[in-house]
Structure formats: structure tokens, C-alpha cells
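Structure file coords.pdb; described as PDB, C-alpha atoms.
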ATOM      1  CA  MET A  22       0.000   0.000   0.000
ATOM      2  CA  THR A  23       1.241   3.477  -0.880
ATOM      3  CA  VAL A  24       2.355   5.639   2.034
ATOM      4  CA  THR A  25       1.733   9.371   2.164
ATOM      5  CA  TYR A  26       1.863  12.199   4.698
ATOM      6  CA  ALA A  27      -0.680  14.979   5.207
ATOM      7  CA  VAL A  28      -0.848  18.136   7.332
ATOM      8  CA  GLU A  29      -3.902  18.165   9.591
ATOM      9  CA  GLN A  30      -3.333  21.195  11.840
ATOM     10  CA  LEU A  31      -1.250  24.382  11.821
ATOM     11  CA  ASP A  32      -0.250  26.313  14.963
ATOM     12  CA  THR A  33       1.749  29.425  15.792
ATOM     13  CA  VAL A  34       4.825  28.976  18.005
ATOM     14  CA  THR A  35       5.662  31.901  20.304
ATOM     15  CA  ILE A  36       8.524  32.749  22.612
ATOM     16  CA  SER A  37       8.456  34.821  25.799
ATOM     17  CA  SER A  38       8.958  38.556  25.505
ATOM     18  CA  ALA A  39      11.935  40.287  27.112
ATOM     19  CA  SER A  40      14.200  37.405  26.040
ATOM     20  CA  VAL A  41      17.594  37.760  24.379
ATOM     21  CA  VAL A  42      16.101  37.157  20.937
ATOM     22  CA  ASP A  43      13.052  39.371  21.456
ATOM     23  CA  ASP A  44      12.419  41.526  18.345
ATOM     24  CA  MET A  45      14.795  39.353  16.292
ATOM     25  CA  ASP A  46      13.847  37.299  13.260
ATOM     26  CA  LEU A  47      13.498  33.658  14.345
ATOM     27  CA  MET A  48      14.287  30.534  12.352
ATOM     28  CA  SER A  49      15.648  26.978  12.639
ATOM     29  CA  PRO A  50      13.464  25.965  15.623
ATOM     30  CA  PHE A  51      14.893  22.699  16.925
ATOM     31  CA  VAL A  52      12.412  21.248  19.428
ATOM     32  CA  TRP A  53      12.754  18.023  21.415
ATOM     33  CA  GLN A  54      11.062  16.418  24.430
ATOM     34  CA  GLU A  55      12.519  15.604  27.834
ATOM     35  CA  GLY A  56       9.891  14.102  30.116
ATOM     36  CA  ASP A  57       6.950  16.504  30.292
ATOM     37  CA  LEU A  58       8.986  19.401  28.918
ATOM     38  CA  TYR A  59       9.529  20.581  25.390
ATOM     39  CA  ARG A  60      12.925  22.208  24.885
ATOM     40  CA  ILE A  61      13.943  24.479  22.036
ATOM     41  CA  MET A  62      17.065  25.865  20.474
ATOM     42  CA  VAL A  63      16.385  28.586  17.938
ATOM     43  CA  ARG A  64      18.399  30.944  15.777
ATOM     44  CA  GLY A  65      17.855  34.651  16.269
ATOM     45  CA  VAL A  66      18.910  37.222  13.672
ATOM     46  CA  PRO A  67      18.949  40.989  14.311
ATOM     47  CA  HIS A  68      16.354  42.865  12.262
ATOM     48  CA  PRO A  69      17.479  44.701  10.287
ATOM     49  CA  LEU A  70      20.803  42.912   9.976
ATOM     50  CA  GLY A  71      23.635  45.427  10.254
ATOM     51  CA  PRO A  72      27.021  45.068   8.544
ATOM     52  CA  HIS A  73      28.699  44.067  11.796
ATOM     53  CA  ASP A  74      25.887  41.988  13.315
ATOM     54  CA  PRO A  75      26.263  38.201  13.600
ATOM     55  CA  THR A  76      24.196  36.227  11.099
ATOM     56  CA  GLY A  77      22.820  34.274  14.024
ATOM     57  CA  ILE A  78      22.935  33.584  17.738
ATOM     58  CA  ILE A  79      21.381  30.480  19.296
ATOM     59  CA  ALA A  80      18.982  30.790  22.243
ATOM     60  CA  ARG A  81      17.365  28.088  24.373
ATOM     61  CA  GLY A  82      14.044  27.730  26.195
ATOM     62  CA  GLU A  83      11.342  25.353  27.360
ATOM     63  CA  SER A  84       7.593  24.840  27.160
ATOM     64  CA  ARG A  85       4.815  22.748  28.717
ATOM     65  CA  ASP A  86       2.621  22.638  25.604
ATOM     66  CA  GLY A  87       5.120  22.734  22.747
ATOM     67  CA  LEU A  88       3.761  26.056  21.465
ATOM     68  CA  THR A  89       4.625  28.775  24.010
ATOM     69  CA  PHE A  90       8.280  28.786  25.016
ATOM     70  CA  VAL A  91       9.879  30.608  27.932
ATOM     71  CA  MET A  92      13.408  31.505  26.944
ATOM     72  CA  ASP A  93      16.426  31.291  29.227
ATOM     73  CA  PRO A  94      18.202  34.577  30.046
ATOM     74  CA  GLY A  95      21.514  33.387  28.603
ATOM     75  CA  LEU A  96      22.410  32.249  25.110
ATOM     76  CA  ALA A  97      23.231  28.642  24.256
ATOM     77  CA  ILE A  98      25.831  29.333  21.546
ATOM     78  CA  THR A  99      27.440  32.631  20.497
ATOM     79  CA  PRO A 100      30.029  33.520  17.838
ATOM     80  CA  GLY A 101      33.764  33.016  18.472
ATOM     81  CA  PRO A 102      36.352  32.940  19.764
ATOM     82  CA  GLY A 103      37.396  30.707  16.848
ATOM     83  CA  MET A 104      37.442  32.217  13.369
ATOM     84  CA  GLU A 105      35.160  29.505  11.941
ATOM     85  CA  ASP A 106      32.032  30.954  13.581
ATOM     86  CA  MET A 107      33.038  34.551  14.288
ATOM     87  CA  GLY A 108      30.443  35.769  11.786
ATOM     88  CA  GLY A 109      27.494  33.900  13.261
ATOM     89  CA  CYS A 110      26.006  30.692  14.673
ATOM     90  CA  GLU A 111      23.055  29.152  12.840
ATOM     91  CA  ASP A 112      20.840  26.075  12.427
ATOM     92  CA  PRO A 113      21.110  24.116  15.709
ATOM     93  CA  THR A 114      20.441  20.371  15.694
ATOM     94  CA  VAL A 115      20.334  18.645  19.089
ATOM     95  CA  LEU A 116      20.927  15.005  19.940
ATOM     96  CA  VAL A 117      20.450  13.879  23.560
ATOM     97  CA  THR A 118      22.701  10.942  24.433
ATOM     98  CA  GLY A 119      22.833   9.090  27.724
ATOM     99  CA  HIS A 120      25.235  11.527  29.348
ATOM    100  CA  GLU A 121      25.483  14.682  27.238
ATOM    101  CA  TYR A 122      23.883  16.984  24.711
ATOM    102  CA  LEU A 123      25.372  17.097  21.218
ATOM    103  CA  VAL A 124      24.592  20.260  19.264
ATOM    104  CA  TYR A 125      25.593  20.428  15.631
ATOM    105  CA  TYR A 126      25.369  23.959  14.247
ATOM    106  CA  THR A 127      26.504  26.070  11.304
ATOM    107  CA  GLY A 128      29.422  28.398  11.919
ATOM    108  CA  VAL A 129      29.787  31.416   9.612
ATOM    109  CA  ASP A 130      33.237  32.950   9.203
ATOM    110  CA  ALA A 131      33.979  36.599   9.958
ATOM    111  CA  ALA A 132      33.713  37.593   6.293
ATOM    112  CA  ARG A 133      30.290  35.908   5.999
ATOM    113  CA  SER A 134      31.686  34.079   2.979
ATOM    114  CA  GLN A 135      31.519  30.460   4.133
ATOM    115  CA  GLY A 136      29.696  28.193   6.545
ATOM    116  CA  CYS A 137      30.971  25.011   8.162
ATOM    117  CA  MET A 138      29.622  22.324  10.489
ATOM    118  CA  ILE A 139      30.659  22.564  14.154
ATOM    119  CA  LEU A 140      29.884  20.316  17.133
ATOM    120  CA  ALA A 141      29.308  21.694  20.641
ATOM    121  CA  ALA A 142      28.674  19.318  23.536
ATOM    122  CA  GLY A 143      28.093  19.252  27.264
ATOM    123  CA  ARG A 144      26.273  17.614  30.138
ATOM    124  CA  ASP A 145      24.275  20.812  30.662
ATOM    125  CA  LEU A 146      22.698  23.108  28.070
ATOM    126  CA  THR A 147      24.112  26.084  29.953
ATOM    127  CA  ALA A 148      27.687  24.838  29.617
ATOM    128  CA  LEU A 149      28.195  23.684  26.043
ATOM    129  CA  VAL A 150      31.787  23.467  24.802
ATOM    130  CA  LYS A 151      32.706  23.786  21.129
ATOM    131  CA  GLU A 152      34.516  20.512  20.445
ATOM    132  CA  ASP A 153      35.247  20.058  16.778
ATOM    133  CA  LEU A 154      34.942  21.418  13.256
ATOM    134  CA  ILE A 155      33.147  18.498  11.597
ATOM    135  CA  LEU A 156      32.881  19.396   7.898
ATOM    136  CA  LYS A 157      34.159  22.341   5.880
ATOM    137  CA  ALA A 158      34.047  22.937   2.147
ATOM    138  CA  PRO A 159      37.246  23.806   0.254
ATOM    139  CA  PRO A 160      37.842  27.578  -0.194
ATOM    140  CA  GLY A 161      35.476  29.099  -2.737
ATOM    141  CA  GLU A 162      33.090  26.148  -2.786
ATOM    142  CA  GLY A 163      30.307  27.525  -0.636
ATOM    143  CA  ASN A 164      28.639  26.398   2.554
ATOM    144  CA  ILE A 165      28.112  23.250   4.601
ATOM    145  CA  LYS A 166      25.158  23.690   6.951
ATOM    146  CA  GLU A 167      21.804  22.398   8.277
ATOM    147  CA  ALA A 168      22.776  19.133  10.020
ATOM    148  CA  THR A 169      20.373  16.206  10.406
ATOM    149  CA  LEU A 170      21.391  13.075  12.350
ATOM    150  CA  ALA A 171      19.902   9.574  12.123
ATOM    151  CA  GLN A 172      20.862   6.076  13.247
ATOM    152  CA  THR A 173      20.667   3.225  10.759
ATOM    153  CA  SER A 174      19.133  -0.211  11.338
ATOM    154  CA  SER A 175      22.638  -1.648  11.863
ATOM    155  CA  GLY A 176      23.488   0.883  14.583
ATOM    156  CA  ASP A 177      25.851   3.239  12.788
ATOM    157  CA  TRP A 178      25.003   6.889  12.041
ATOM    158  CA  ARG A 179      24.272   9.191   9.144
ATOM    159  CA  LEU A 180      24.913  12.936   9.059
ATOM    160  CA  PHE A 181      22.916  14.757   6.391
ATOM    161  CA  TYR A 182      23.830  18.330   5.477
ATOM    162  CA  GLU A 183      23.276  21.042   2.907
ATOM    163  CA  TYR A 184      26.135  22.082   0.638
ATOM    164  CA  ALA A 185      26.564  24.456  -2.315
ATOM    165  CA  ALA A 186      27.348  23.271  -5.840
ATOM    166  CA  ASP A 187      27.052  25.040  -9.220
ATOM    167  CA  GLY A 188      24.933  27.882  -7.884
ATOM    168  CA  ALA A 189      22.494  25.627  -6.067
ATOM    169  CA  SER A 190      21.988  23.911  -2.726
ATOM    170  CA  ARG A 191      22.203  20.131  -2.517
ATOM    171  CA  ILE A 192      21.925  17.494   0.232
ATOM    172  CA  GLY A 193      25.030  15.523   1.167
ATOM    173  CA  MET A 194      25.438  12.561   3.500
ATOM    174  CA  ALA A 195      28.250  11.210   5.664
ATOM    175  CA  GLY A 196      28.504   7.990   7.668
ATOM    176  CA  GLY A 197      30.113   7.296  11.025
ATOM    177  CA  PRO A 198      30.227   4.708  13.800
ATOM    178  CA  THR A 199      28.977   7.087  16.520
ATOM    179  CA  PRO A 200      26.905  10.301  16.632
ATOM    180  CA  LYS A 201      30.223  12.161  16.962
ATOM    181  CA  GLY A 202      31.705  10.448  13.906
ATOM    182  CA  PRO A 203      34.361  10.298  12.650
ATOM    183  CA  TRP A 204      32.507  11.073   9.439
ATOM    184  CA  THR A 205      33.164   9.720   5.956
ATOM    185  CA  VAL A 206      31.430  11.450   3.063
ATOM    186  CA  LEU A 207      29.089   9.122   1.143
ATOM    187  CA  PRO A 208      27.171   9.552  -2.143
ATOM    188  CA  ASP A 209      24.329  12.073  -2.046
ATOM    189  CA  PRO A 210      21.109  10.420  -0.799
ATOM    190  CA  PHE A 211      18.869  11.972  -3.480
ATOM    191  CA  GLY A 212      18.763  14.763  -6.022
ATOM    192  CA  ILE A 213      16.508  17.353  -7.623
ATOM    193  CA  ARG A 214      13.580  16.580  -9.926
ATOM    194  CA  ASP A 215      13.760  18.595 -13.143
ATOM    195  CA  ASP A 216       9.998  18.845 -13.638
ATOM    196  CA  SER A 217       8.910  19.553 -10.070
ATOM    197  CA  TRP A 218       8.772  22.128  -7.289
ATOM    198  CA  ASP A 219      12.202  20.991  -6.043
ATOM    199  CA  ASN A 220      14.010  21.376  -9.371
ATOM    200  CA  TRP A 221      16.902  23.585  -8.273
ATOM    201  CA  HIS A 222      17.630  23.765  -4.517
ATOM    202  CA  LEU A 223      17.566  21.060  -1.836
ATOM    203  CA  SER A 224      18.242  21.377   1.879
ATOM    204  CA  THR A 225      18.069  18.938   4.758
ATOM    205  CA  GLY A 226      15.130  18.697   7.104
ATOM    206  CA  PRO A 227      14.392  16.561  10.170
ATOM    207  CA  ILE A 228      14.140  12.780   9.972
ATOM    208  CA  TRP A 229      11.285  10.971  11.726
ATOM    209  CA  GLN A 230      11.952   7.367  12.729
ATOM    210  CA  ALA A 231       9.238   5.078  14.133
ATOM    211  CA  GLY A 232       9.276   1.323  14.720
ATOM    212  CA  GLY A 233       8.236  -0.740  11.719
ATOM    213  CA  GLN A 234       8.225   2.253   9.353
ATOM    214  CA  ASP A 235      10.724   3.561   6.850
ATOM    215  CA  PRO A 236      12.448   6.702   8.167
ATOM    216  CA  VAL A 237      11.144   9.864   6.515
ATOM    217  CA  MET A 238      12.863  13.202   6.006
ATOM    218  CA  PHE A 239      10.776  16.356   5.810
ATOM    219  CA  TYR A 240      13.166  18.102   3.463
ATOM    220  CA  ASN A 241      13.283  21.587   1.976
ATOM    221  CA  GLY A 242      13.217  22.185  -1.779
ATOM    222  CA  ALA A 243      12.992  25.196  -4.062
ATOM    223  CA  THR A 244      12.906  26.456  -7.616
ATOM    224  CA  HIS A 245      15.647  28.623  -9.161
ATOM    225  CA  ASP A 246      14.079  31.769  -7.659
ATOM    226  CA  ALA A 247      14.349  30.246  -4.153
ATOM    227  CA  ARG A 248      10.661  29.740  -3.385
ATOM    228  CA  TRP A 249      11.197  27.182  -0.636
ATOM    229  CA  ARG A 250       8.608  24.525   0.269
ATOM    230  CA  ILE A 251       8.635  21.468   2.528
ATOM    231  CA  GLY A 252       8.287  17.951   1.105
ATOM    232  CA  TRP A 253       8.873  14.402   2.276
ATOM    233  CA  ILE A 254      11.089  11.507   1.216
ATOM    234  CA  SER A 255      11.487   8.074   2.845
ATOM    235  CA  PHE A 256      14.442   5.713   3.001
ATOM    236  CA  SER A 257      15.144   2.085   3.714
ATOM    237  CA  PRO A 258      16.155   1.566   7.369
ATOM    238  CA  ASP A 259      19.836   1.395   6.364
ATOM    239  CA  PHE A 260      19.488   4.662   4.374
ATOM    240  CA  ALA A 261      20.858   2.883   1.300
ATOM    241  CA  ARG A 262      17.893   3.671  -0.991
ATOM    242  CA  VAL A 263      14.843   5.899  -1.378
ATOM    243  CA  THR A 264      11.509   4.131  -0.823
ATOM    244  CA  GLY A 265       9.025   6.972  -1.407
ATOM    245  CA  ARG A 266       8.767  10.672  -2.214
ATOM    246  CA  GLY A 267       5.845  13.060  -2.217
ATOM    247  CA  LEU A 268       4.811  14.452  -5.602
ATOM    248  CA  GLU A 269       3.634  17.801  -4.239
ATOM    249  CA  PRO A 270       4.893  19.933  -1.328
ATOM    250  CA  LEU A 271       3.652  18.981   2.119
ATOM    251  CA  LEU A 272       3.717  22.623   3.251
ATOM    252  CA  VAL A 273       3.452  25.802   1.171
ATOM    253  CA  PRO A 274       3.745  29.274   2.737
ATOM    254  CA  PRO A 275       0.507  31.239   2.971
ATOM    255  CA  PRO A 276       0.279  34.511   1.010
ATOM    256  CA  ALA A 277       2.618  37.029   2.643
ATOM    257  CA  LEU A 278       1.244  40.253   4.100
ATOM    258  CA  SER A 279       4.128  42.212   2.599
ATOM    259  CA  ARG A 280       5.498  42.095  -0.946
ATOM    260  CA  GLU A 281       8.993  42.291   0.530
ATOM    261  CA  ALA A 282       8.530  39.093   2.560
ATOM    262  CA  THR A 283      10.636  36.038   1.750
ATOM    263  CA  ASP A 284       8.602  33.253   0.104
ATOM    264  CA  ILE A 285       9.873  30.413   2.251
ATOM    265  CA  ALA A 286       8.736  27.598   4.534
ATOM    266  CA  PHE A 287      11.668  25.698   6.040
ATOM    267  CA  ALA A 288      11.472  22.547   8.193
ATOM    268  CA  ALA A 289      13.698  22.182  11.280
ATOM    269  CA  SER A 290      12.595  19.454  13.742
ATOM    270  CA  THR A 291       9.996  16.841  14.700
ATOM    271  CA  VAL A 292       8.542  15.446  17.930
ATOM    272  CA  ALA A 293       5.729  13.002  18.667
ATOM    273  CA  ASP A 294       2.184  14.265  19.193
ATOM    274  CA  GLY A 295       0.136  11.172  19.980
ATOM    275  CA  ASN A 296      -0.038   9.231  16.721
ATOM    276  CA  ARG A 297       0.885  12.322  14.713
ATOM    277  CA  ILE A 298       4.197  14.021  13.945
ATOM    278  CA  ALA A 299       4.672  17.585  15.185
ATOM    279  CA  LEU A 300       6.811  19.310  12.546
ATOM    280  CA  TYR A 301       8.421  22.604  13.574
ATOM    281  CA  TYR A 302       9.359  25.049  10.825
ATOM    282  CA  SER A 303       9.874  28.721  10.046
ATOM    283  CA  LEU A 304       8.023  31.068   7.701
ATOM    284  CA  GLU A 305       9.571  34.008   5.849
ATOM    285  CA  ASP A 306      12.843  33.466   7.785
ATOM    286  CA  ARG A 307      11.333  35.332  10.717
ATOM    287  CA  MET A 308       8.488  33.489  12.499
ATOM    288  CA  LEU A 309       7.893  30.016  13.905
ATOM    289  CA  ARG A 310       5.135  27.512  13.210
ATOM    290  CA  ARG A 311       4.142  23.898  13.977
ATOM    291  CA  ALA A 312       2.308  21.485  11.683
ATOM    292  CA  LEU A 313       0.697  18.258  12.911
ATOM    293  CA  VAL A 314       1.299  15.607  10.263
ATOM    294  CA  SER A 315      -0.360  12.193   9.896
ATOM    295  CA  ARG A 316       0.944   9.155   8.044
ATOM    296  CA  TYR A 317      -1.464   7.194   5.870
ATOM    297  CA  GLY A 318      -1.048   3.746   4.308
ATOM    298  CA  GLY A 319       1.582   1.078   4.745
TER
END
With the file now loaded, output its structure as C-alpha cells.
Amino acid sequence: MTVTYAVEQLDTVTISSASVVDDMDLMSPFVWQEGDLYRIMVRGVPHPLGPHDPTGIIARGESRDGLTFVMDPGLAITPGPGMEDMGGCEDPTVLVTGHEYLVYYTGVDAARSQGCMILAAGRDLTALVKEDLILKAPPGEGNIKEATLAQTSSGDWRLFYEYAADGASRIGMAGGPTPKGPWTVLPDPFGIRDDSWDNWHLSTGPIWQAGGQDPVMFYNGATHDARWRIGWISFSPDFARVTGRGLEPLLVPPPALSREATDIAFAASTVADGNRIALYYSLEDRMLRRALVSRYGG
């Protein structure tokens, strides 16, 4: 039987006022559950972005309902002191292991010319230590960003990421024995479709894994003019092959109130909501939303 995914409810995600990222544009909402709490790491960008402002800082917070988050007074990750992320910290992805938090994020150099993948880790979210530069493109070859982590059916790990090639974004994949690597670059997991809504740009989104089901990535795709939408693609449990892919976008941005607004919906994370998937994403690179998604068939 054919499997498909459908959005059944849309909700606004808010953060507490008087927080560090208050009045900033918000994107890359990574949400996860710990007991009865929902935790979030989110990228804040000054608005308007000045020539000397960081392209992102990463804040943290928590919620009881998964929609209204109270932000901590301090920041989770800030630029520097290393040169790799002096220009900004973006796109947090959190993995909770038995004894520590692993946070993969995008570091932007001081010239804002290149992004790379960095790992910060710690036993406490208030005391993360930048441990390693994981992946970096050769000079002049664009950005590596937007990490997604998943464990295969045999127990090893996959790191998915966005990279730049020939004026477009693509999705790359690396394999490693642990969630910290070491990582070996593997063939790209999938490509664009010339005759579809994802015919030019691709970027990673969160992967949902449930027992007895093929893992599914809610990925981001766009046309040449960068009109980003959210779609889905499923893999075999070993991530060796694609087993399904939605024909149409799962999520399309609503009409913007302003002509200057960015035409973009961009997926960031997933958590369970009963028998549905709560998909957290950003709109217009400035506001946060949640979609409740159901799986049908299979």
C-alpha cells in the first residue's frame, strides 16, 4: 500500500517577551522532548541585519505545551572565539545521548563568505563546549550547513547536510560509527527533480523514525528563484535507498502580508504528538510555526 503524509493542523509557536532574541527574526526551531517538557534551540537574527551583526545567535528555552516557550536569560551558543564561527552561529540540531547533549550547528566565518559544520557538547545546556569542526568545504566552494542526524538499522550513524554546488543547494550525506563520527562522506542520498517544485535547490530537514516504518525526512526544496517549500522523502532503514517521495509539497507558505517578505517555509525538527508528527518550521525566515502531520497507508 502506498504511504503518504498529510498536514492536519497548523499552529503558531511563540517565545516569551523580554528574552535575548526578542524583536529578532526567528528561524531553525529545533524542538525536542525531555519528560513533560519541550525544549527548544532557535536561531535569532537581528532585524534589520547590520554590517557588523552576527548572522545568528542560538537561544534556548522550554515549554509545557510545545507552542509557548519561555526563553532562558543566557544564550546557548554565540560567535567566536574561533574564526570559523566569528560571523554567526546558525541552524542548531540537538541530539540527547545518555550523558550529554550534542549540538551540531553552522558556523559562519567573519567575512560571511563560508559556513561550516561545528559540534558543541556538554552535560548541561548552559555549559556547552565547542569541540570540533566536523565538515568544511574547500575555499570558494560555498557552505556546509543544516545538520540532520539519524541512526541506521545496523546501529551506525548518518549525518545529512546542505552544501553548495554550481549555484544551487544540494543534500550531502556522511557515515560514522557514533553520533560524533568520525565522518566519511558518502554519495548524495537523493537529487533534484527537473519537472517539479524541487528542481533547483535542496536542503536537509528533520528525519522521523518510528518502529516498523521507513524513516522519513521532511526536506526543503525550491525552484531557481528560491521559493522554498517542505516535502517528504522516505528511506530504507539502512538509508541505502529511497523508498518513497511526495509528488507535491507537504507545506506551502501562505500569502505574505508584505510584498517584501521572503517566500519560504523551512522545516527544522519533529517530535511526537500522539499518533501524529509535530513538525516545527519557520516562515519568511522570521516566524515560527508547527504542523501536525499524519501518516497514511503502509
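Distance check against Asn241 (chain A) using only C-alpha atoms: of A:Pro159, A:Gly196, A:Pro102, A:Pro270, the minimum falls on A:Pro270.
Closest to Ile298 (chain A) among A:Arg214, A:Arg262, A:His73, A:Arg311 is A:Arg311, based on only C-alpha atoms.
Among the candidates A:Ala195, A:Ile139, A:Ala261, A:Leu154, the residue lying nearest to Leu207 (chain A) is A:Ala195 (atoms considered: only C-alpha atoms).
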For the file shown, what are the residues hit by the PyMOL selection byres ((chain A and resi 113) around 7), laid out as a PyMOL selection string?
chain A and resi 49+51+62-63+111-112+114-115+124-126
To box region 267-286 of chain A, take all atoms listed in the file, fit an axis-aligned box, add 8 Å on each side, and give centre and edge lengths in Å to one decimal, as AutoDock Vina command-line options.
--center_x 5.5 --center_y 27.7 --center_z -0.5 --size_x 26.4 --size_y 45.2 --size_z 26.1
As a ChimeraX atom specification, please: the residues near Asp130 (chain A) (cut-off 10 Å, only C-alpha atoms, same-chain neighbours under 2 positions excluded).
/A:75-76,100-101,103-110,127-128,132-137
Quick one: contact table of region 146-203 of chain A to region 276-293 of chain A, 10 Å max, nearest atom pair and distance in Å to one decimal per residue, counting only C-alpha atoms, chain and number order, as JSON lines?
{"residue": "A:Glu167", "atom": "CA", "partner": "A:Ala289", "partner_atom": "CA", "distance": 8.6}
{"residue": "A:Ala168", "atom": "CA", "partner": "A:Ala289", "partner_atom": "CA", "distance": 9.7}
{"residue": "A:Thr169", "atom": "CA", "partner": "A:Ala289", "partner_atom": "CA", "distance": 9.0}
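Here CA of Asp235 (chain A) and CA of Pro274 (chain A) stand 27.0 Å from one another.
Relative to CA of Trp178 (chain A), CA of Trp253 (chain A) is found at 20.3 Å.
Using only C-alpha atoms, the smallest distance between any of A:Ile79, A:Leu149, A:Leu223, A:Ala131 and Ser190 (chain A) comes from A:Leu223.
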Decode the PyMOL selection byres ((chain A and resi 155) around 7) for the given file into explicit residues and return them as a PyMOL selection string.
chain A and resi 138-140+153-154+156-157
If you apply the PyMOL selection byres ((chain A and resi 310) around 7) to this file, what residues do you get, as a list in words?
Asp32, Thr33, Val34, Tyr301, Tyr302, Ser303, Met308, Leu309, Arg311 and Ala312 of chain A
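Note that the spacing between CA of Ile78 (chain A) and CA of Leu96 (chain A) amounts to 7.5 Å.
Distances to Ala97 (chain A) were evaluated for A:Leu123, A:Ala243, A:Leu47, A:Ala148 using only C-alpha atoms, and the minimum falls at A:Ala148.
Omitting Gly193 (chain A) and its sequence neighbours fewer than 4 positions away, and counting all atoms listed in the file, the residues within 8 Å are Phe181, Tyr182, Glu183, Tyr184, Val206, Leu207, Pro208, Asp209 and Pro210 of chain A.
When only C-alpha atoms are used to measure the gap to Trp204 (chain A), the shortest distance among A:Asp57, A:Asp259, A:Asp177, A:Asp294 belongs to A:Asp177.
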Can you pull out every residue within 9 Å of Gly87 (chain A), counting all atoms listed in the file, but drop anything in the same chain fewer than 4 positions away, and send it as a list in words?
Val34, Val52, Gln54, Leu58, Tyr59, Arg60, Glu83 and Arg311 of chain A
Mind checking which residues fall within 12 Å of Gly119 (chain A), counting all atoms listed in the file, ignoring those fewer than 5 positions away in the same chain, and posting them as an NGL selection string?
:A and (143-144 or 200)
Filled-in all heavy atoms of region 36-43 of chain A, supplied as a PDB file, in the frame of the given file:
ATOM      1  N   ILE A  36       7.532  32.746  21.551  1.00  0.00           N
ATOM      2  CA  ILE A  36       8.524  32.749  22.612  1.00  0.00           C
ATOM      3  C   ILE A  36       8.239  33.907  23.543  1.00  0.00           C
ATOM      4  O   ILE A  36       7.582  34.882  23.178  1.00  0.00           O
ATOM      5  CB  ILE A  36       9.962  32.831  22.067  1.00  0.00           C
ATOM      6  CG1 ILE A  36      10.202  34.193  21.411  1.00  0.00           C
ATOM      7  CG2 ILE A  36      10.237  31.699  21.095  1.00  0.00           C
ATOM      8  CD1 ILE A  36      11.646  34.438  21.085  1.00  0.00           C
ATOM      9  N   SER A  37       8.726  33.799  24.793  1.00  0.00           N
ATOM     10  CA  SER A  37       8.456  34.821  25.799  1.00  0.00           C
ATOM     11  C   SER A  37       9.092  36.144  25.405  1.00  0.00           C
ATOM     12  O   SER A  37      10.151  36.194  24.784  1.00  0.00           O
ATOM     13  CB  SER A  37       9.018  34.364  27.150  1.00  0.00           C
ATOM     14  OG  SER A  37      10.412  34.098  27.047  1.00  0.00           O
ATOM     15  N   SER A  38       8.405  37.234  25.746  1.00  0.00           N
ATOM     16  CA  SER A  38       8.958  38.556  25.505  1.00  0.00           C
ATOM     17  C   SER A  38      10.068  38.833  26.508  1.00  0.00           C
ATOM     18  O   SER A  38      10.255  38.103  27.478  1.00  0.00           O
ATOM     19  CB  SER A  38       7.862  39.614  25.622  1.00  0.00           C
ATOM     20  OG  SER A  38       7.297  39.589  26.915  1.00  0.00           O
ATOM     21  N   ALA A  39      10.821  39.877  26.254  1.00  0.00           N
ATOM     22  CA  ALA A  39      11.935  40.287  27.112  1.00  0.00           C
ATOM     23  C   ALA A  39      13.044  39.234  27.149  1.00  0.00           C
ATOM     24  O   ALA A  39      13.827  39.179  28.089  1.00  0.00           O
ATOM     25  CB  ALA A  39      11.467  40.585  28.530  1.00  0.00           C
ATOM     26  N   SER A  40      13.116  38.375  26.133  1.00  0.00           N
ATOM     27  CA  SER A  40      14.200  37.405  26.040  1.00  0.00           C
ATOM     28  C   SER A  40      15.324  37.994  25.194  1.00  0.00           C
ATOM     29  O   SER A  40      15.185  39.066  24.587  1.00  0.00           O
ATOM     30  CB  SER A  40      13.701  36.104  25.417  1.00  0.00           C
ATOM     31  OG  SER A  40      13.404  36.300  24.049  1.00  0.00           O
ATOM     32  N   VAL A  41      16.434  37.269  25.126  1.00  0.00           N
ATOM     33  CA  VAL A  41      17.594  37.760  24.379  1.00  0.00           C
ATOM     34  C   VAL A  41      17.271  37.942  22.901  1.00  0.00           C
ATOM     35  O   VAL A  41      17.796  38.839  22.241  1.00  0.00           O
ATOM     36  CB  VAL A  41      18.778  36.794  24.558  1.00  0.00           C
ATOM     37  CG1 VAL A  41      20.013  37.300  23.827  1.00  0.00           C
ATOM     38  CG2 VAL A  41      19.091  36.596  26.032  1.00  0.00           C
ATOM     39  N   VAL A  42      16.409  37.089  22.364  1.00  0.00           N
ATOM     40  CA  VAL A  42      16.101  37.157  20.937  1.00  0.00           C
ATOM     41  C   VAL A  42      14.789  37.883  20.664  1.00  0.00           C
ATOM     42  O   VAL A  42      14.267  37.817  19.553  1.00  0.00           O
ATOM     43  CB  VAL A  42      16.069  35.737  20.323  1.00  0.00           C
ATOM     44  CG1 VAL A  42      17.460  35.146  20.285  1.00  0.00           C
ATOM     45  CG2 VAL A  42      15.116  34.822  21.068  1.00  0.00           C
ATOM     46  N   ASP A  43      14.259  38.569  21.661  1.00  0.00           N
ATOM     47  CA  ASP A  43      13.052  39.371  21.456  1.00  0.00           C
ATOM     48  C   ASP A  43      13.313  40.408  20.367  1.00  0.00           C
ATOM     49  O   ASP A  43      14.373  41.031  20.325  1.00  0.00           O
ATOM     50  CB  ASP A  43      12.666  40.053  22.767  1.00  0.00           C
ATOM     51  CG  ASP A  43      11.228  40.538  22.749  1.00  0.00           C
ATOM     52  OD1 ASP A  43      10.440  40.011  21.944  1.00  0.00           O
ATOM     53  OD2 ASP A  43      10.897  41.443  23.532  1.00  0.00           O
TER      54      ASP A  43
END
